[in-house]
Amino acid sequence: MKRKLKLLFLLLIAVFLVIVILKEPKNTIPDRIKQEVKIALQYFPELKGIPIEFKFKKNIKKSVMQAQPTWSGLLKSKNKRSYVILISEKFKISGEEFKTADVPKDVLIGWIGHELGHVMDYQERGNLNLIGFGIRYVLLKEFVKKAERAADSFAVSRGMSEYILKTKRFILNHSQIDETYKTRIKQYYLSPDEIMEMVKEQDSIKNNLL
């Protein structure tokens, strides 16, 4: 009897894996943020053809948005991977909840651009490396800092500096946004000054090539 149950369990796992692998990933964008997502995606032509699902979630711990590979993506080759970007339905300012989709348009574009920066980072990693990335992100604070700054850097290098800066300033200069969240932004992400320095370096390189 135990042997039969074990075989049945293994069969169910096999069927689940087949369904996951064969499931066709799609680009899904909620109507209320469709315009902002399309603007952000224009800065990442490398992601054209990569299935990315944008999905609202009731609450995301410690974040407003979160980019991650799908389980089916981790079972496929890198060029056939798919992703989901989770977006918290609401965030709190001074104890009062506000809908994420209602923040200023440019701020929302910057937030989305940062998450697309994560996707760019993921695309450069093999499957085993990406699994290791997830483990290190959960366990190591220094790795979180490295990953978040890399995502910012990808977005800035693609020309999204103005949007990223507006997002940072919206968070850091909003007197009523929770100080814990502000501290996290200061600790793990590029600062506005560092972003401006990156832009200066990019402009310098461009001028030298002309």
# chains A, B, ... in the order shown; residues from 1 in each chain; ligands from 1
call {"tool": "select_by_dssp", "arguments": {"residues": "region 21-174 of chain A", "states": "alpha helix (DSSP H)", "output": "number ranges by chain"}}
result
A: 21-22, 34-41, 71-74, 105-123, 127-139, 141-157, 161-172
call {"tool": "closest_residue", "arguments": {"among": "A:Met120, A:Arg32, A:Ile50, A:Ala67", "to": "Glu89 (chain A)", "atoms": "only C-alpha atoms"}}
result
A:Arg32
call {"tool": "select_by_dssp", "arguments": {"residues": "region 83-204 of chain A", "states": "strand (DSSP E or B)", "output": "list in words"}}
result
Tyr83, Val84, Ile85, Leu86, Ile87, Ser88, Lys90, Phe91, Lys92, Ile93, Glu96, Glu97, Phe98, Lys99 and Ile177 of chain A
call {"tool": "write_last_selection", "arguments": {"atoms": "C-alpha atoms", "output": "PDB file, in the first residue's frame"}}
result
ATOM      1  CA  TYR A  83       8.626  36.387 -15.001  1.00  0.00           C
ATOM      2  CA  VAL A  84       6.008  37.900 -12.743  1.00  0.00           C
ATOM      3  CA  ILE A  85       6.145  41.380 -11.219  1.00  0.00           C
ATOM      4  CA  LEU A  86       3.979  41.537  -8.114  1.00  0.00           C
ATOM      5  CA  ILE A  87       2.557  44.933  -7.164  1.00  0.00           C
ATOM      6  CA  SER A  88       1.133  45.666  -3.728  1.00  0.00           C
ATOM      7  CA  LYS A  90      -1.798  49.507  -1.311  1.00  0.00           C
ATOM      8  CA  PHE A  91       0.928  51.097   0.776  1.00  0.00           C
ATOM      9  CA  LYS A  92       0.739  53.138   3.951  1.00  0.00           C
ATOM     10  CA  ILE A  93       1.539  56.792   4.555  1.00  0.00           C
ATOM     11  CA  GLU A  96      -3.380  55.641   6.080  1.00  0.00           C
ATOM     12  CA  GLU A  97      -3.578  53.283   3.088  1.00  0.00           C
ATOM     13  CA  PHE A  98      -3.247  54.526  -0.499  1.00  0.00           C
ATOM     14  CA  LYS A  99      -3.628  52.623  -3.740  1.00  0.00           C
ATOM     15  CA  ILE A 177       5.988  57.771   4.619  1.00  0.00           C
TER      16      ILE A 177
END
call {"tool": "atom_distance", "arguments": {"atom1": "CA of Ala151 (chain A)", "atom2": "CA of Asp31 (chain A)"}}
result
25.0 Å
call {"tool": "residues_around", "arguments": {"residues": "Pro69 (chain A)", "least_positions_apart": "5", "cutoff": "9 Å", "atoms": "only C-alpha atoms", "output": "PyMOL selection string"}}
result
chain A and resi 52+74+81-85+119+122+130
call {"tool": "decode", "arguments": {"residues": "region 144-169 of chain A", "atoms": "C-alpha atoms", "output": "JSON list (two decimals), in the first residue's frame"}}
result
[["chain", "number", "residue", "atom", "x", "y", "z"],
["A", 144, "VAL", "CA", 20.11, 42.37, -0.92],
["A", 145, "LYS", "CA", 22.01, 45.65, -1.21],
["A", 146, "LYS", "CA", 24.00, 44.36, -4.18],
["A", 147, "ALA", "CA", 20.86, 43.12, -5.96],
["A", 148, "GLU", "CA", 18.82, 46.29, -5.40],
["A", 149, "ARG", "CA", 21.64, 48.58, -6.48],
["A", 150, "ALA", "CA", 22.14, 46.43, -9.59],
["A", 151, "ALA", "CA", 18.45, 46.80, -10.49],
["A", 152, "ASP", "CA", 18.69, 50.58, -10.06],
["A", 153, "SER", "CA", 21.85, 50.60, -12.19],
["A", 154, "PHE", "CA", 20.20, 48.65, -15.02],
["A", 155, "ALA", "CA", 17.30, 51.13, -15.08],
["A", 156, "VAL", "CA", 19.56, 54.20, -14.97],
["A", 157, "SER", "CA", 21.86, 52.83, -17.67],
["A", 158, "ARG", "CA", 18.82, 52.36, -19.94],
["A", 159, "GLY", "CA", 17.94, 56.05, -19.64],
["A", 160, "MET", "CA", 15.41, 55.95, -16.82],
["A", 161, "SER", "CA", 17.33, 58.16, -14.40],
["A", 162, "GLU", "CA", 14.64, 60.88, -14.22],
["A", 163, "TYR", "CA", 11.94, 58.35, -13.38],
["A", 164, "ILE", "CA", 14.11, 56.55, -10.82],
["A", 165, "LEU", "CA", 15.01, 59.88, -9.20],
["A", 166, "LYS", "CA", 11.35, 60.90, -8.96],
["A", 167, "THR", "CA", 10.54, 57.61, -7.28],
["A", 168, "LYS", "CA", 13.38, 58.00, -4.76],
["A", 169, "ARG", "CA", 12.42, 61.59, -3.98]]
